[in-house]
Structures are given as C-alpha cells and as structure tokens.
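This report concerns only the one structure given below.
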Amino acid sequence: MSELNIVIPVYNESANFPGLWNELSSLVKAKFIAYVVYDFDQDNTVPIVNQIIAEGESRLRLVKNQRGRGVVSAIMTGFDVVPGGPVLVVMADLSDDLAQVDRMLSLYSDGYDVVVGSRYMKGGRLIGGPFFKQLLSRLAGTSLWWLRRIPTHDASNAFKIYDSGMVKSFTVESCGGFELNLELTVKAFLAGHCIAEVPSTWRDRTNGQSRFRLWKWLPLYLHWYLHAFQRKSGSQARARRPAVV
C-alpha cells in the first residue's frame, strides 16, 4: 500500500494541533508523512510543530506557503511538495473523522482517484456548525449526486484523498477558499476519474476561529456547481488505476 501524504493547512492552530497530532498518531494505522503548511513565520502553530519534531517525530514536516497567503495556496503548496501517490487534506481544527482514513486509503489502493469522507451519505453526520452553511453544503452535495450522478453525496467536503498525479494534471483555477475541494472533484468527474466515498462525521471546532467565509466564497462554489453540468470529456468513465499492493 502506498505511503499516505497528509496536507494540513494551518492558521494559528496552536490550541488544536496537539490534539490533531494525537488523533493522527493513534487513529491512522497506515504509514504517512504529514506536511503542515503555514503562511507566515509568526503563526503560533509553528513552534508547536517544531517542538513535536524536536522530540523525535520523523513523520512531520513544516512547509511555508510558497503560493501566496490563503487556504487555496496552502493546500496547493502541499500538493506541490508531496512526492506522489495518495494525498489527504486534513483540517487542523479537529473537524475531520480520522478514524476513516485507513478505509479511505484502502479504496485508493483499489484504484479510485478521489475518495471522499462523506457527511451526507448513509452513516455520515455533522455535529454542530452554522445551520445555513450546513444546509447549502448538503443541498449542493446531494443534488450533484441525484441530478448529475457524481458518485459522492459530499463533493464540497475538504476531507478527501486524491491521487496526486491526477491533481497535478489539472490547471487549478480556485483563488478564494474551500471551493477548491469542489473544483477538484468536479474536474475529476468530468475527466472520467473514479470517485468513491465513505461515511464520516464532521465536528465543529471548539478552539480558535474559523477562516471559512461563506458569503464571500458562495459565488465561487456556485461557479463550480454549475460547471459540473458540462459534458464529460469522454463517453465512458476511465478504468480505475491499477490496484496498489
């Protein structure tokens, strides 16, 4: 099975990172390297990560954002530095269901190019968070499933494994925020890549301040939602990648 690359964009997450690292270390059984991408040297996450590295943790890397500040640039910087294979995006706010990572990685190894941690399929759920944000996200994901037959109920979720080669084959156009997750999923679908999902639980953060900007980013989400209804590039879906053993 391929070693997993984990990209963690951070913005002053000192209160959450120790808990996140404990969850990663205890819940993810697969071999992994985690790349923590930060915007500026004064980010209070940096000394926490450096301390963990100094204590002998070899699975952790600090990477400074090289594409300009913001979550899109941070995630793309992470994609730039991974050596290849599967790459998982994880938020540092303890919102993602890391107990599902090994199951997601198993599907990647079966040949899927995108594996989604899905909040809206059977078995998935949300705990906390703004009602209107949840409503829009659920409507977008489930309507793309029913109306466009994208094989996930949660196309906009950030918690996904991607094939890094697939991502690097795309020209990424997102410039605002988390609409990047929808863009990559829509482009993968339209190009005929294979997509799978597993149920996951999302938890609202309890420490720190969210950088999510719903009203600012909503038009960008709408752009990629509508883009999903374009004609697919091939008449049939691509075969899955060869299984990774």
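How things are named: the first chain in the structure tokens is A, the next is B, and so on; residues count from 1 in each chain; ligands count from 1 in the order shown.
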
Per residue of range 7-113 of chain A within 12 Å of range 180-188 of chain A, which atom pair is closest and at what distance in Å (one decimal), using only C-alpha atoms, listed by chain and increasing number, as a Markdown table?
```
| residue | atom | partner | partner_atom | distance |
| --- | --- | --- | --- | --- |
| A:Gly70 | CA | A:Leu180 | CA | 11.6 |
| A:Val71 | CA | A:Leu180 | CA | 9.1 |
| A:Val72 | CA | A:Leu180 | CA | 6.5 |
| A:Ser73 | CA | A:Leu180 | CA | 9.9 |
| A:Ala74 | CA | A:Leu180 | CA | 11.2 |
| A:Ile75 | CA | A:Leu180 | CA | 9.0 |
| A:Met76 | CA | A:Leu180 | CA | 9.4 |
| A:Leu88 | CA | A:Asn181 | CA | 11.6 |
| A:Val89 | CA | A:Asn181 | CA | 9.5 |
| A:Val90 | CA | A:Asn181 | CA | 11.8 |
| A:Tyr112 | CA | A:Ala188 | CA | 10.8 |
| A:Asp113 | CA | A:Ala188 | CA | 8.0 |
```

**OP:** Show which residues sit within 12 Å of range 14-29 of chain A, as a ChimeraX atom specification. Count only C-alpha atoms, and ignore same-chain residues fewer than 4 positions away.
**Re:** /A:1,3-6,8-10,33-36,38,42-53,57-60,88,90-106,205-209

Take the residues that were just selected and, keeping C-alpha atoms, output them as a short mmCIF file (atom, residue, chain, number, x, y, z; two decimals), in the first residue's frame.
```cif
data_model
loop_
_atom_site.label_atom_id
_atom_site.label_comp_id
_atom_site.auth_asym_id
_atom_site.auth_seq_id
_atom_site.Cartn_x
_atom_site.Cartn_y
_atom_site.Cartn_z
CA MET A 1 0.00 0.00 0.00
CA GLU A 3 2.57 5.73 1.88
CA LEU A 4 -0.03 8.39 2.57
CA ASN A 5 0.80 12.08 2.24
CA ILE A 6 -1.25 14.34 4.53
CA ILE A 8 -2.59 20.20 6.80
CA PRO A 9 -3.11 23.93 6.11
CA VAL A 10 -2.87 25.94 9.33
CA ILE A 33 4.07 11.80 6.22
CA ALA A 34 2.24 14.97 7.29
CA TYR A 35 3.05 18.33 5.69
CA VAL A 36 1.96 21.29 7.83
CA TYR A 38 1.73 27.78 7.18
CA GLN A 42 4.67 34.21 13.38
CA ASP A 43 1.89 31.60 13.04
CA ASN A 44 1.54 30.16 16.55
CA THR A 45 1.26 26.63 15.13
CA VAL A 46 4.90 26.67 14.02
CA PRO A 47 6.58 26.37 17.46
CA ILE A 48 4.18 23.56 18.41
CA VAL A 49 5.12 21.59 15.30
CA ASN A 50 8.83 22.31 15.81
CA GLN A 51 8.57 21.01 19.37
CA ILE A 52 6.98 17.74 18.22
CA ILE A 53 9.70 17.35 15.56
CA GLU A 57 8.77 12.74 15.36
CA SER A 58 10.00 11.87 11.85
CA ARG A 59 6.58 11.85 10.15
CA LEU A 60 6.10 15.61 10.39
CA LEU A 88 -5.18 13.55 2.05
CA VAL A 90 -6.97 17.41 6.77
CA MET A 91 -8.12 20.49 8.62
CA ALA A 92 -6.23 21.34 11.80
CA ASP A 93 -9.41 22.23 13.72
CA LEU A 94 -10.21 18.61 14.72
CA SER A 95 -13.29 18.57 12.49
CA ASP A 96 -12.38 15.57 10.34
CA ASP A 97 -13.14 11.91 11.06
CA LEU A 98 -9.62 10.48 11.10
CA ALA A 99 -10.89 7.04 12.09
CA GLN A 100 -11.97 6.68 8.43
CA VAL A 101 -8.56 7.37 6.89
CA ASP A 102 -7.40 3.75 6.59
CA ARG A 103 -10.70 2.78 4.99
CA MET A 104 -10.34 5.67 2.54
CA LEU A 105 -6.76 4.68 1.74
CA SER A 106 -7.88 1.11 1.05
CA ARG A 205 -14.28 23.40 16.03
CA THR A 206 -14.19 24.18 19.76
CA ASN A 207 -10.95 26.24 19.76
CA GLY A 208 -9.74 29.03 17.53
CA GLN A 209 -11.50 30.99 14.82
#
```

Original post:
Could you pull the residues within 8 Å of Val114 in chain A, counting only C-alpha atoms, minus those fewer than 5 positions along the same chain, as number ranges by chain?
Top reply: A: 108, 160-163, 185, 188, 193-196

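Residues of range 43-205 of chain A assigned to strand (DSSP E) by DSSP on this structure's backbone: Leu60, Arg61, Leu62, Val63, Lys64, Pro86, Val87, Leu88, Val89, Val114, Val115, Val116, Gly117, Ser118, Arg125, Leu126, Ile127, Lys160, Ile161, Tyr162, Asp163, Ile195, Ala196, Glu197, Val198, Pro199, Thr201, Trp202 and Arg203 of chain A.
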
How would the residues just picked look written out with N, CA and C atoms as a PDB file, in the first residue's frame?
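Writing done, so here's result21.pdb:
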```pdb
ATOM      1  N   LEU A  60       6.643  14.256  10.441  1.00  0.00           N
ATOM      2  CA  LEU A  60       6.096  15.609  10.395  1.00  0.00           C
ATOM      3  C   LEU A  60       7.052  16.539   9.658  1.00  0.00           C
ATOM      4  N   ARG A  61       6.481  17.367   8.764  1.00  0.00           N
ATOM      5  CA  ARG A  61       7.261  18.338   8.004  1.00  0.00           C
ATOM      6  C   ARG A  61       6.585  19.702   8.105  1.00  0.00           C
ATOM      7  N   LEU A  62       7.372  20.761   8.251  1.00  0.00           N
ATOM      8  CA  LEU A  62       6.867  22.130   8.169  1.00  0.00           C
ATOM      9  C   LEU A  62       7.172  22.694   6.791  1.00  0.00           C
ATOM     10  N   VAL A  63       6.167  23.256   6.150  1.00  0.00           N
ATOM     11  CA  VAL A  63       6.326  23.794   4.800  1.00  0.00           C
ATOM     12  C   VAL A  63       5.727  25.193   4.774  1.00  0.00           C
ATOM     13  N   LYS A  64       6.510  26.166   4.359  1.00  0.00           N
ATOM     14  CA  LYS A  64       5.972  27.526   4.244  1.00  0.00           C
ATOM     15  C   LYS A  64       5.245  27.683   2.910  1.00  0.00           C
ATOM     16  N   PRO A  86      -1.023   8.889  -2.946  1.00  0.00           N
ATOM     17  CA  PRO A  86      -2.229   9.464  -2.342  1.00  0.00           C
ATOM     18  C   PRO A  86      -1.919  10.655  -1.456  1.00  0.00           C
ATOM     19  N   VAL A  87      -2.776  11.669  -1.527  1.00  0.00           N
ATOM     20  CA  VAL A  87      -2.619  12.842  -0.674  1.00  0.00           C
ATOM     21  C   VAL A  87      -3.970  13.163  -0.051  1.00  0.00           C
ATOM     22  N   LEU A  88      -3.974  13.283   1.268  1.00  0.00           N
ATOM     23  CA  LEU A  88      -5.176  13.551   2.053  1.00  0.00           C
ATOM     24  C   LEU A  88      -5.110  14.966   2.604  1.00  0.00           C
ATOM     25  N   VAL A  89      -6.200  15.716   2.445  1.00  0.00           N
ATOM     26  CA  VAL A  89      -6.292  17.053   3.034  1.00  0.00           C
ATOM     27  C   VAL A  89      -7.027  16.936   4.368  1.00  0.00           C
ATOM     28  N   VAL A 114     -10.232   9.617  -6.356  1.00  0.00           N
ATOM     29  CA  VAL A 114     -10.755  10.523  -5.333  1.00  0.00           C
ATOM     30  C   VAL A 114     -11.569   9.679  -4.356  1.00  0.00           C
ATOM     31  N   VAL A 115     -11.259   9.804  -3.073  1.00  0.00           N
ATOM     32  CA  VAL A 115     -12.038   9.109  -2.046  1.00  0.00           C
ATOM     33  C   VAL A 115     -12.499  10.158  -1.040  1.00  0.00           C
ATOM     34  N   VAL A 116     -13.796  10.289  -0.906  1.00  0.00           N
ATOM     35  CA  VAL A 116     -14.417  11.366  -0.143  1.00  0.00           C
ATOM     36  C   VAL A 116     -14.858  10.864   1.229  1.00  0.00           C
ATOM     37  N   GLY A 117     -14.517  11.611   2.272  1.00  0.00           N
ATOM     38  CA  GLY A 117     -15.152  11.419   3.568  1.00  0.00           C
ATOM     39  C   GLY A 117     -16.483  12.153   3.535  1.00  0.00           C
ATOM     40  N   SER A 118     -17.574  11.404   3.466  1.00  0.00           N
ATOM     41  CA  SER A 118     -18.880  11.983   3.146  1.00  0.00           C
ATOM     42  C   SER A 118     -19.744  12.162   4.385  1.00  0.00           C
ATOM     43  N   ARG A 125     -22.522  12.126   9.277  1.00  0.00           N
ATOM     44  CA  ARG A 125     -23.278  13.097  10.069  1.00  0.00           C
ATOM     45  C   ARG A 125     -22.443  14.326  10.364  1.00  0.00           C
ATOM     46  N   LEU A 126     -23.106  15.366  10.834  1.00  0.00           N
ATOM     47  CA  LEU A 126     -22.467  16.604  11.281  1.00  0.00           C
ATOM     48  C   LEU A 126     -22.819  16.834  12.735  1.00  0.00           C
ATOM     49  N   ILE A 127     -21.857  17.376  13.475  1.00  0.00           N
ATOM     50  CA  ILE A 127     -22.075  17.745  14.868  1.00  0.00           C
ATOM     51  C   ILE A 127     -21.722  19.221  15.016  1.00  0.00           C
ATOM     52  N   LYS A 160     -10.715  14.619   1.830  1.00  0.00           N
ATOM     53  CA  LYS A 160     -10.662  13.693   0.705  1.00  0.00           C
ATOM     54  C   LYS A 160      -9.229  13.198   0.513  1.00  0.00           C
ATOM     55  N   ILE A 161      -9.118  12.007  -0.031  1.00  0.00           N
ATOM     56  CA  ILE A 161      -7.849  11.541  -0.595  1.00  0.00           C
ATOM     57  C   ILE A 161      -7.916  11.727  -2.104  1.00  0.00           C
ATOM     58  N   TYR A 162      -6.871  12.333  -2.646  1.00  0.00           N
ATOM     59  CA  TYR A 162      -6.725  12.498  -4.090  1.00  0.00           C
ATOM     60  C   TYR A 162      -5.481  11.748  -4.567  1.00  0.00           C
ATOM     61  N   ASP A 163      -5.507  11.313  -5.804  1.00  0.00           N
ATOM     62  CA  ASP A 163      -4.271  10.882  -6.430  1.00  0.00           C
ATOM     63  C   ASP A 163      -3.481  12.127  -6.819  1.00  0.00           C
ATOM     64  N   ILE A 195     -14.342   7.887  -8.550  1.00  0.00           N
ATOM     65  CA  ILE A 195     -14.609   8.535  -7.265  1.00  0.00           C
ATOM     66  C   ILE A 195     -15.378   7.562  -6.368  1.00  0.00           C
ATOM     67  N   ALA A 196     -14.986   7.517  -5.101  1.00  0.00           N
ATOM     68  CA  ALA A 196     -15.698   6.703  -4.115  1.00  0.00           C
ATOM     69  C   ALA A 196     -15.888   7.537  -2.856  1.00  0.00           C
ATOM     70  N   GLU A 197     -16.716   7.041  -1.935  1.00  0.00           N
ATOM     71  CA  GLU A 197     -16.945   7.762  -0.684  1.00  0.00           C
ATOM     72  C   GLU A 197     -17.127   6.788   0.465  1.00  0.00           C
ATOM     73  N   VAL A 198     -16.811   7.268   1.660  1.00  0.00           N
ATOM     74  CA  VAL A 198     -17.077   6.522   2.890  1.00  0.00           C
ATOM     75  C   VAL A 198     -17.778   7.477   3.851  1.00  0.00           C
ATOM     76  N   PRO A 199     -18.641   6.968   4.714  1.00  0.00           N
ATOM     77  CA  PRO A 199     -19.314   7.867   5.664  1.00  0.00           C
ATOM     78  C   PRO A 199     -18.345   8.410   6.690  1.00  0.00           C
ATOM     79  N   THR A 201     -17.924  11.575  10.026  1.00  0.00           N
ATOM     80  CA  THR A 201     -18.555  12.527  10.939  1.00  0.00           C
ATOM     81  C   THR A 201     -17.737  13.811  10.971  1.00  0.00           C
ATOM     82  N   TRP A 202     -18.402  14.946  10.799  1.00  0.00           N
ATOM     83  CA  TRP A 202     -17.745  16.250  10.881  1.00  0.00           C
ATOM     84  C   TRP A 202     -18.136  16.912  12.200  1.00  0.00           C
ATOM     85  N   ARG A 203     -17.144  17.467  12.894  1.00  0.00           N
ATOM     86  CA  ARG A 203     -17.389  18.140  14.181  1.00  0.00           C
ATOM     87  C   ARG A 203     -16.972  19.603  14.068  1.00  0.00           C
TER      88      ARG A 203
END
```

Subject >> Exercise: range 225-235 of chain A partners within 10 Å, only C-alpha atoms, chain neighbours under 2 positions left out, as JSON, numbers by chain >> reply: {"A": [140, 141, 143, 144, 147, 148, 149, 150, 155, 156, 179, 182, 183, 185, 186, 187, 188, 189, 190, 191, 192, 219, 220, 221, 222, 223, 237, 238]}

Write out the residues from the selection above, keeping N, CA and C atoms, as a compact mmCIF listing (two decimals), in the first residue's frame.
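Final output, saved to result27.txt:
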```
# COMPACT_ATOMS: atom_id res chain seq x y z
N ALA A 140 -26.06 21.11 -2.08
CA ALA A 140 -25.12 21.02 -3.21
C ALA A 140 -24.66 19.59 -3.42
N GLY A 141 -24.24 18.94 -2.33
CA GLY A 141 -23.71 17.59 -2.47
C GLY A 141 -24.74 16.58 -2.92
N SER A 143 -27.66 17.12 -4.39
CA SER A 143 -28.22 17.39 -5.72
C SER A 143 -27.25 17.00 -6.83
N LEU A 144 -25.94 17.17 -6.60
CA LEU A 144 -24.97 16.71 -7.59
C LEU A 144 -24.98 15.18 -7.70
N LEU A 147 -28.78 14.63 -9.46
CA LEU A 147 -29.03 15.25 -10.76
C LEU A 147 -27.89 15.03 -11.76
N ARG A 148 -26.65 14.97 -11.25
CA ARG A 148 -25.51 14.84 -12.16
C ARG A 148 -24.84 13.47 -12.05
N ARG A 149 -25.22 12.71 -11.04
CA ARG A 149 -24.68 11.38 -10.81
C ARG A 149 -23.18 11.39 -10.49
N ILE A 150 -22.71 12.48 -9.88
CA ILE A 150 -21.36 12.44 -9.33
C ILE A 150 -21.39 11.43 -8.17
N ALA A 155 -19.54 16.46 -2.45
CA ALA A 155 -18.46 16.90 -3.35
C ALA A 155 -17.68 18.08 -2.81
N SER A 156 -18.27 18.87 -1.91
CA SER A 156 -17.60 20.09 -1.44
C SER A 156 -16.74 19.88 -0.20
N GLU A 179 -13.65 26.43 -2.05
CA GLU A 179 -14.26 25.96 -3.29
C GLU A 179 -13.29 25.08 -4.08
N LEU A 182 -14.44 21.50 -4.27
CA LEU A 182 -15.48 21.24 -5.26
C LEU A 182 -14.88 21.26 -6.66
N GLU A 183 -13.99 22.20 -6.94
CA GLU A 183 -13.36 22.25 -8.26
C GLU A 183 -12.64 20.95 -8.59
N THR A 185 -13.05 17.94 -7.38
CA THR A 185 -13.97 16.82 -7.52
C THR A 185 -14.73 16.89 -8.84
N VAL A 186 -15.20 18.08 -9.19
CA VAL A 186 -15.92 18.26 -10.46
C VAL A 186 -15.01 17.96 -11.64
N LYS A 187 -13.78 18.47 -11.61
CA LYS A 187 -12.86 18.22 -12.72
C LYS A 187 -12.50 16.73 -12.82
N ALA A 188 -12.35 16.07 -11.68
CA ALA A 188 -12.08 14.64 -11.70
C ALA A 188 -13.24 13.89 -12.34
N PHE A 189 -14.47 14.26 -11.97
CA PHE A 189 -15.66 13.61 -12.53
C PHE A 189 -15.76 13.83 -14.03
N LEU A 190 -15.59 15.07 -14.46
CA LEU A 190 -15.72 15.39 -15.88
C LEU A 190 -14.63 14.73 -16.72
N ALA A 191 -13.47 14.50 -16.13
CA ALA A 191 -12.37 13.85 -16.84
C ALA A 191 -12.48 12.32 -16.80
N GLY A 192 -13.48 11.80 -16.08
CA GLY A 192 -13.70 10.37 -16.06
C GLY A 192 -12.93 9.62 -15.00
N PRO A 219 -20.35 32.63 -4.40
CA PRO A 219 -20.36 32.68 -5.87
C PRO A 219 -19.33 31.75 -6.51
N LEU A 220 -18.21 31.52 -5.82
CA LEU A 220 -17.18 30.64 -6.36
C LEU A 220 -17.64 29.19 -6.30
N TYR A 221 -18.33 28.82 -5.21
CA TYR A 221 -18.93 27.49 -5.13
C TYR A 221 -19.97 27.31 -6.24
N LEU A 222 -20.79 28.33 -6.45
CA LEU A 222 -21.83 28.24 -7.47
C LEU A 222 -21.23 28.03 -8.85
N HIS A 223 -20.11 28.70 -9.12
CA HIS A 223 -19.44 28.53 -10.41
C HIS A 223 -19.09 27.07 -10.65
N ALA A 237 -16.56 6.36 -18.36
CA ALA A 237 -15.61 6.62 -17.29
C ALA A 237 -14.32 5.86 -17.55
N ARG A 238 -13.21 6.42 -17.08
CA ARG A 238 -11.94 5.74 -17.20
C ARG A 238 -11.92 4.49 -16.33
```

**OP:** Determine which residues of range 7-240 of chain A DSSP labels as alpha helix (DSSP H) from the backbone of this structure, then write them out as a PyMOL selection string.
**Re:** chain A and resi 17-27+45-54+71-81+101-109+131-143+164-169+179-190+214-227

Original post:
Rounded to one decimal in Å, what is the spacing between CA of Asp39 in chain A and CA of Val167 in chain A?
Top reply: 21.6 Å

Original post:
Expressed in Å to a single decimal, how great is the separation between CA of Gly128 in chain A and CA of Asp204 in chain A?
Top reply: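 Spanning CA of Gly128 in chain A to CA of Asp204 in chain A is a straight-line distance of 5.1 Å.
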
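CA of Phe178 in chain A to CA of Gly85 in chain A spans 22.2 Å [interatomic distance, one decimal].
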
Original post:
Between A:Phe132, A:Phe40, A:Phe170, A:Tyr120, which one has atoms that come closest to His153 in chain A, using only C-alpha atoms?
Top reply: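 For His153 in chain A, the nearest of the given residues is A:Tyr120.
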